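Participant: See target35.cif below, with mmCIF, C-alpha atoms.
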data_data
loop_
_atom_site.group_PDB
_atom_site.id
_atom_site.type_symbol
_atom_site.label_atom_id
_atom_site.label_comp_id
_atom_site.auth_asym_id
_atom_site.auth_seq_id
_atom_site.Cartn_x
_atom_site.Cartn_y
_atom_site.Cartn_z
ATOM 1 C CA MET A 2 78.877 88.353 82.123
ATOM 2 C CA THR A 3 81.635 87.020 84.420
ATOM 3 C CA GLU A 4 83.506 85.560 81.466
ATOM 4 C CA LEU A 5 83.224 88.862 79.591
ATOM 5 C CA ALA A 6 84.487 90.807 82.618
ATOM 6 C CA GLY A 7 87.401 88.401 82.932
ATOM 7 C CA LEU A 8 88.340 88.856 79.303
ATOM 8 C CA VAL A 9 88.176 92.638 79.609
ATOM 9 C CA ALA A 10 90.335 92.513 82.742
ATOM 10 C CA ARG A 11 92.867 90.288 80.971
ATOM 11 C CA ARG A 12 93.025 92.691 78.043
ATOM 12 C CA LEU A 13 93.480 95.748 80.268
ATOM 13 C CA CYS A 14 96.192 94.061 82.269
ATOM 14 C CA HIS A 15 97.976 93.070 79.069
ATOM 15 C CA ASP A 16 97.702 96.583 77.649
ATOM 16 C CA PHE A 17 98.957 98.269 80.835
ATOM 17 C CA ALA A 18 101.801 95.854 81.588
ATOM 18 C CA GLY A 19 103.854 96.846 78.515
ATOM 19 C CA PRO A 20 103.922 100.600 79.142
ATOM 20 C CA ILE A 21 104.635 100.117 82.824
ATOM 21 C CA GLY A 22 107.547 97.832 81.957
ATOM 22 C CA ALA A 23 108.819 100.468 79.553
ATOM 23 C CA ILE A 24 108.619 103.142 82.260
ATOM 24 C CA SER A 25 110.618 100.956 84.626
ATOM 25 C CA THR A 26 113.248 100.331 81.956
ATOM 26 C CA ALA A 27 113.464 104.017 81.050
ATOM 27 C CA LEU A 28 113.928 104.916 84.710
ATOM 28 C CA ASP A 29 116.787 102.444 84.940
ATOM 29 C CA LEU A 30 118.433 104.255 82.006
ATOM 30 C CA LEU A 31 118.095 107.636 83.758
ATOM 31 C CA GLU A 32 120.422 106.766 86.640
ATOM 32 C CA ASP A 33 122.605 109.833 85.970
ATOM 33 C CA GLU A 34 119.793 112.317 86.630
ATOM 34 C CA ASN A 35 119.588 114.325 89.846
ATOM 35 C CA ASN A 36 117.105 113.755 92.683
ATOM 36 C CA PRO A 37 117.301 110.022 93.390
ATOM 37 C CA GLU A 38 114.329 110.181 95.786
ATOM 38 C CA ILE A 39 111.932 111.101 92.989
ATOM 39 C CA ARG A 40 113.372 108.441 90.678
ATOM 40 C CA GLY A 41 112.992 105.916 93.482
ATOM 41 C CA LEU A 42 109.403 106.955 94.096
ATOM 42 C CA ILE A 43 108.538 106.660 90.410
ATOM 43 C CA ARG A 44 110.298 103.282 90.134
ATOM 44 C CA ASP A 45 108.564 101.911 93.249
ATOM 45 C CA SER A 46 105.188 103.167 92.023
ATOM 46 C CA ALA A 47 105.657 101.595 88.610
ATOM 47 C CA ARG A 48 106.733 98.280 90.154
ATOM 48 C CA GLY A 49 103.797 98.333 92.571
ATOM 49 C CA LEU A 50 101.339 99.025 89.770
ATOM 50 C CA ALA A 51 102.844 96.296 87.594
ATOM 51 C CA ALA A 52 102.600 93.826 90.506
ATOM 52 C CA SER A 53 98.944 94.761 91.069
ATOM 53 C CA LEU A 54 98.068 94.310 87.406
ATOM 54 C CA ARG A 55 99.745 90.882 87.205
ATOM 55 C CA LEU A 56 97.997 89.747 90.373
ATOM 56 C CA TYR A 57 94.572 91.070 89.355
ATOM 57 C CA ARG A 58 94.934 89.348 86.006
ATOM 58 C CA VAL A 59 95.274 85.946 87.716
ATOM 59 C CA ILE A 60 92.479 86.687 90.211
ATOM 60 C CA LEU A 61 89.904 88.127 87.817
ATOM 61 C CA SER A 62 90.672 86.067 84.735
ATOM 62 C CA PRO A 63 92.380 82.791 85.605
ATOM 63 C CA SER A 64 93.949 80.961 82.697
ATOM 64 C CA GLU A 65 93.075 77.417 81.678
ATOM 65 C CA ALA A 66 96.512 76.142 82.695
ATOM 66 C CA PRO A 67 97.729 75.452 86.239
ATOM 67 C CA LEU A 68 99.894 78.137 87.834
ATOM 68 C CA ALA A 69 103.320 77.144 89.110
ATOM 69 C CA ASN A 70 103.526 77.379 92.897
ATOM 70 C CA HIS A 71 106.682 79.506 92.762
ATOM 71 C CA GLU A 72 105.023 81.863 90.268
ATOM 72 C CA ALA A 73 101.957 82.329 92.489
ATOM 73 C CA ARG A 74 104.223 83.032 95.469
ATOM 74 C CA HIS A 75 106.275 85.492 93.424
ATOM 75 C CA LEU A 76 103.171 87.351 92.184
ATOM 76 C CA LEU A 77 101.908 87.800 95.737
ATOM 77 C CA ALA A 78 105.354 88.604 97.166
ATOM 78 C CA ASP A 79 105.811 91.424 94.633
ATOM 79 C CA TRP A 80 102.439 92.884 95.607
ATOM 80 C CA VAL A 81 103.025 92.493 99.358
ATOM 81 C CA SER A 82 106.484 94.092 99.127
ATOM 82 C CA ALA A 83 104.796 97.418 98.330
ATOM 83 C CA ARG A 84 102.940 97.242 101.665
ATOM 84 C CA ASN A 85 105.281 98.304 104.443
ATOM 85 C CA SER A 86 105.438 96.130 107.544
ATOM 86 C CA VAL A 87 103.633 93.120 106.045
ATOM 87 C CA ALA A 88 105.583 89.854 105.919
ATOM 88 C CA LEU A 89 104.513 86.992 103.640
ATOM 89 C CA ASP A 90 104.632 83.380 104.881
ATOM 90 C CA TRP A 91 103.859 81.167 101.860
ATOM 91 C CA GLN A 92 103.058 77.594 102.971
ATOM 92 C CA VAL A 93 101.336 76.268 99.858
ATOM 93 C CA SER A 94 102.644 72.832 98.882
ATOM 94 C CA GLY A 95 102.882 71.160 95.496
ATOM 95 C CA GLU A 96 104.420 72.250 92.229
ATOM 96 C CA HIS A 97 101.266 73.694 90.660
ATOM 97 C CA LEU A 98 97.955 75.242 91.696
ATOM 98 C CA ALA A 99 94.774 74.685 89.722
ATOM 99 C CA PRO A 100 93.772 77.987 88.083
ATOM 100 C CA ALA A 101 90.621 78.452 90.169
ATOM 101 C CA ARG A 102 92.401 77.575 93.421
ATOM 102 C CA ALA A 103 95.224 80.019 92.619
ATOM 103 C CA ALA A 104 92.713 82.776 91.838
ATOM 104 C CA THR A 105 90.827 82.130 95.093
ATOM 105 C CA LEU A 106 93.913 82.000 97.322
ATOM 106 C CA LEU A 107 95.482 85.083 95.746
ATOM 107 C CA GLY A 108 92.199 87.016 95.878
ATOM 108 C CA LEU A 109 91.686 86.143 99.544
ATOM 109 C CA SER A 110 95.314 87.145 100.174
ATOM 110 C CA LEU A 111 94.647 90.650 98.842
ATOM 111 C CA ILE A 112 91.539 90.949 101.012
ATOM 112 C CA ALA A 113 93.346 89.721 104.126
ATOM 113 C CA CYS A 114 96.393 91.908 103.494
ATOM 114 C CA GLU A 115 94.206 95.005 103.278
ATOM 115 C CA ALA A 116 92.939 94.192 106.790
ATOM 116 C CA LEU A 117 96.525 94.538 108.089
ATOM 117 C CA ALA A 118 96.341 98.313 108.458
ATOM 118 C CA ARG A 119 99.364 98.437 110.786
ATOM 119 C CA GLY A 120 101.372 95.586 109.365
ATOM 120 C CA GLY A 121 101.716 91.992 110.439
ATOM 121 C CA THR A 122 102.022 88.596 108.811
ATOM 122 C CA LEU A 123 100.074 87.255 105.853
ATOM 123 C CA THR A 124 100.151 83.440 105.815
ATOM 124 C CA VAL A 125 98.910 81.493 102.800
ATOM 125 C CA GLY A 126 98.354 77.730 103.032
ATOM 126 C CA ASN A 127 96.802 75.112 100.772
ATOM 127 C CA ASP A 128 93.259 75.937 101.834
ATOM 128 C CA TYR A 129 93.451 79.105 103.909
ATOM 129 C CA VAL A 130 94.714 82.655 104.140
ATOM 130 C CA GLU A 131 95.449 84.177 107.525
ATOM 131 C CA ALA A 132 96.271 87.745 108.540
ATOM 132 C CA ASP A 133 97.848 88.324 111.958
ATOM 133 C CA GLY A 134 98.601 91.809 113.214
ATOM 134 C CA PRO A 135 97.694 94.651 115.530
ATOM 135 C CA ASN A 136 94.510 96.634 114.889
ATOM 136 C CA LEU A 137 93.279 94.165 112.313
ATOM 137 C CA ARG A 138 90.409 95.789 110.425
ATOM 138 C CA LEU A 139 88.094 94.177 107.900
ATOM 139 C CA ASP A 140 85.490 96.598 106.584
ATOM 140 C CA ARG A 141 81.905 95.536 107.273
ATOM 141 C CA ASP A 142 80.979 95.585 103.588
ATOM 142 C CA VAL A 143 83.889 93.245 102.796
ATOM 143 C CA HIS A 144 82.898 90.962 105.691
ATOM 144 C CA ASP A 145 79.320 90.865 104.379
ATOM 145 C CA ALA A 146 80.474 90.157 100.808
ATOM 146 C CA ILE A 147 82.567 87.192 101.993
ATOM 147 C CA GLY A 148 79.612 85.902 103.993
ATOM 148 C CA GLY A 149 77.344 86.020 100.945
ATOM 149 C CA GLY A 150 75.478 89.172 101.937
ATOM 150 C CA THR A 151 73.622 91.089 99.287
ATOM 151 C CA GLY A 152 74.109 94.573 100.719
ATOM 152 C CA ALA A 153 75.268 97.578 98.756
ATOM 153 C CA LEU A 154 78.303 96.839 96.651
ATOM 154 C CA THR A 155 81.221 99.159 97.400
ATOM 155 C CA PRO A 156 84.571 99.291 95.607
ATOM 156 C CA ARG A 157 86.247 97.505 98.545
ATOM 157 C CA ALA A 158 83.640 94.752 98.634
ATOM 158 C CA ALA A 159 83.633 94.172 94.867
ATOM 159 C CA LEU A 160 86.814 92.081 94.877
ATOM 160 C CA ALA A 161 85.546 89.992 97.796
ATOM 161 C CA ARG A 162 82.271 89.318 96.038
ATOM 162 C CA VAL A 163 84.009 88.314 92.786
ATOM 163 C CA VAL A 164 86.473 86.025 94.604
ATOM 164 C CA VAL A 165 83.706 84.297 96.575
ATOM 165 C CA ALA A 166 81.489 83.963 93.485
ATOM 166 C CA ASN A 167 84.312 82.505 91.397
ATOM 167 C CA ALA A 168 85.185 80.072 94.191
ATOM 168 C CA GLY A 169 81.544 78.951 94.200
ATOM 169 C CA VAL A 170 81.608 78.306 90.462
ATOM 170 C CA ASP A 171 84.546 75.959 91.077
ATOM 171 C CA GLY A 172 82.654 74.082 93.811
ATOM 172 C CA GLN A 173 84.399 75.849 96.694
ATOM 173 C CA ARG A 174 83.103 78.094 99.418
ATOM 174 C CA VAL A 175 84.859 80.582 101.658
ATOM 175 C CA ALA A 176 84.435 80.708 105.441
ATOM 176 C CA LEU A 177 85.622 83.613 107.564
ATOM 177 C CA SER A 178 86.619 83.571 111.222
ATOM 178 C CA ALA A 179 88.222 86.342 113.263
ATOM 179 C CA VAL A 180 89.614 86.843 116.743
ATOM 180 C CA THR A 181 91.325 89.887 118.201
ATOM 181 C CA GLN A 182 94.424 89.949 115.981
ATOM 182 C CA THR A 183 93.791 87.113 113.515
ATOM 183 C CA LEU A 184 91.584 86.901 110.447
ATOM 184 C CA ARG A 185 91.288 83.485 108.801
ATOM 185 C CA LEU A 186 89.706 82.882 105.399
ATOM 186 C CA ARG A 187 89.367 79.165 104.692
ATOM 187 C CA VAL A 188 88.479 77.569 101.349
ATOM 188 C CA HIS A 189 86.262 74.455 101.532
ATOM 189 C CA ASN A 190 84.887 72.156 98.902
ATOM 190 C CA SER A 191 81.137 72.686 98.873
ATOM 191 C CA GLY A 192 80.457 69.283 100.452
ATOM 192 C CA ASP A 193 82.874 69.781 103.378
ATOM 193 C CA ALA A 194 81.724 70.813 106.816
ATOM 194 C CA ALA A 195 83.052 74.199 107.947
ATOM 195 C CA THR A 196 85.760 74.180 110.596
#
Is it possible to express this structure as structure tokens?
Facilitator:
Amino acid sequence: MTELAGLVARRLCHDFAGPIGAISTALDLLEDENNPEIRGLIRDSARGLAASLRLYRVILSPSEAPLANHEARHLLADWVSARNSVALDWQVSGEHLAPARAATLLGLSLIACEALARGGTLTVGNDYVEADGPNLRLDRDVHDAIGGGTGALTPRAALARVVVANAGVDGQRVALSAVTQTLRLRVHNSGDAAT
């Protein structure tokens, strides 16, 4: 079922990416029209949607091939740029990320970024994602999904559950820790002790 869902997600992302790219191109050709605020809003919306689709495609249906480090950073940076007041600090080393590791880190990045309701810094390292900011808020259902809870599945918790489940298939597990203004999601190999 997971493989089928991944293939469907890949197909949808592929089908949506072309029209969104065409909209962006058409908007660039309409520079002479009046009301630049509306054009800007449409352009920003189209770019934000395209960034989300590209990112979800990697998270929900990782390819067989490694993902270049710079490409993973670029995918996340495009998505984060649509969130005002969130700065990205990408600290992942190496030239490539294994597909499953890229999917896990990028998925956890989306979850952590959504907890930054009033902005802050999203830091991504080789085996962790950290969100630092004021009024950090992780919904209880998302927290439970990361912790392996089997409570009611909500739309917000669905991504967390998929990311954690896919990490488990690859022999990884996710540990969550939080203090007043910091949320840390760490990826461990299943045999490692949690820190």
Participant: So how many Å separate CA of Val163 (chain A) and CA of Val59 (chain A), to one decimal?
Facilitator: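 Computed distance, CA of Val163 (chain A) to CA of Val59 (chain A), equals 12.6 Å.
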Participant: Can you tell me which residues surround Pro156 (chain A) at a distance of at most 10 Å, considering all atoms listed in the file, apart from same-chain residues fewer than 3 positions away, and format the answer as an MDAnalysis selection string?
Facilitator: chainID A and resid 142:143 153 159:161
Participant: For the file shown, report as a ChimeraX atom specification the outcome of the PyMOL selection byres ((chain A and resi 80-83) around 12) at residue level.
Facilitator: /A:42,44-57,73-79,84-91,107-108,110-115,117,120-124
Participant: What does the distance from CA of Tyr129 (chain A) to CA of Arg11 (chain A) come to in Å, to one decimal?
Facilitator: 25.5 Å
Participant: Measuring between only C-alpha atoms, which one of A:Ala99, A:Leu139, A:Ile43, A:Ile60 shows the shortest distance to Ser25 (chain A)?
Facilitator: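 When distances to Ser25 (chain A) are compared using only C-alpha atoms, the smallest one comes from A:Ile43.
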Participant: Applied to the shown file, which residues does the PyMOL selection byres ((chain A and resi 168) around 12) return, written as a VMD selection string?
Facilitator: chain A and resid 60 to 61 63 99 to 109 128 147 149 161 to 167 169 to 176 187 to 191
Participant: Would you write out those residues with C-alpha atoms, as a tab-separated table (two decimals), in the coordinates of the input?
Facilitator:
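New file part-v5.tsv:
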chain	number	residue	atom	x	y	z
A	60	ILE	CA	92.48	86.69	90.21
A	61	LEU	CA	89.90	88.13	87.82
A	63	PRO	CA	92.38	82.79	85.60
A	99	ALA	CA	94.77	74.68	89.72
A	100	PRO	CA	93.77	77.99	88.08
A	101	ALA	CA	90.62	78.45	90.17
A	102	ARG	CA	92.40	77.58	93.42
A	103	ALA	CA	95.22	80.02	92.62
A	104	ALA	CA	92.71	82.78	91.84
A	105	THR	CA	90.83	82.13	95.09
A	106	LEU	CA	93.91	82.00	97.32
A	107	LEU	CA	95.48	85.08	95.75
A	108	GLY	CA	92.20	87.02	95.88
A	109	LEU	CA	91.69	86.14	99.54
A	128	ASP	CA	93.26	75.94	101.83
A	147	ILE	CA	82.57	87.19	101.99
A	149	GLY	CA	77.34	86.02	100.94
A	161	ALA	CA	85.55	89.99	97.80
A	162	ARG	CA	82.27	89.32	96.04
A	163	VAL	CA	84.01	88.31	92.79
A	164	VAL	CA	86.47	86.02	94.60
A	165	VAL	CA	83.71	84.30	96.58
A	166	ALA	CA	81.49	83.96	93.48
A	167	ASN	CA	84.31	82.50	91.40
A	169	GLY	CA	81.54	78.95	94.20
A	170	VAL	CA	81.61	78.31	90.46
A	171	ASP	CA	84.55	75.96	91.08
A	172	GLY	CA	82.65	74.08	93.81
A	173	GLN	CA	84.40	75.85	96.69
A	174	ARG	CA	83.10	78.09	99.42
A	175	VAL	CA	84.86	80.58	101.66
A	176	ALA	CA	84.44	80.71	105.44
A	187	ARG	CA	89.37	79.17	104.69
A	188	VAL	CA	88.48	77.57	101.35
A	189	HIS	CA	86.26	74.46	101.53
A	190	ASN	CA	84.89	72.16	98.90
A	191	SER	CA	81.14	72.69	98.87
Participant: When you look at Gln182 (chain A) with a cut-off of 6 Å (counting all atoms listed in the file), what residues show up, excluding the ones that are within fewer than 5 positions of it in the same chain? I need them as a list of chain:residue names.
Facilitator: A:Asp133, A:Gly134, A:Pro135, A:Leu137
Participant: So the first atom is CA of Arg40 (chain A) and the second is CA of Leu28 (chain A); what is the distance between them in Å, to one decimal place?
Facilitator: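 If I compute the distance from CA of Arg40 (chain A) to CA of Leu28 (chain A), I get 7.0 Å.
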Participant: If I wrap all listed atoms of region 118-136 of chain A in a box with edges along x, y and z and add 4 Å on each side, what are its centre and edge lengths in Å to one decimal, as JSON?
Facilitator:
{"center_x": 97.6, "center_y": 86.8, "center_z": 108.2, "size_x": 16.8, "size_y": 31.3, "size_z": 22.8}
Participant: What does the PyMOL selection byres ((chain A and resi 183) around 7) select in this file, as a list in words?
Facilitator: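 Here the PyMOL selection byres ((chain A and resi 183) around 7) matches Glu131, Ala132, Asp133, Gly134, Ala179, Val180, Thr181, Gln182, Leu184 and Arg185 of chain A.
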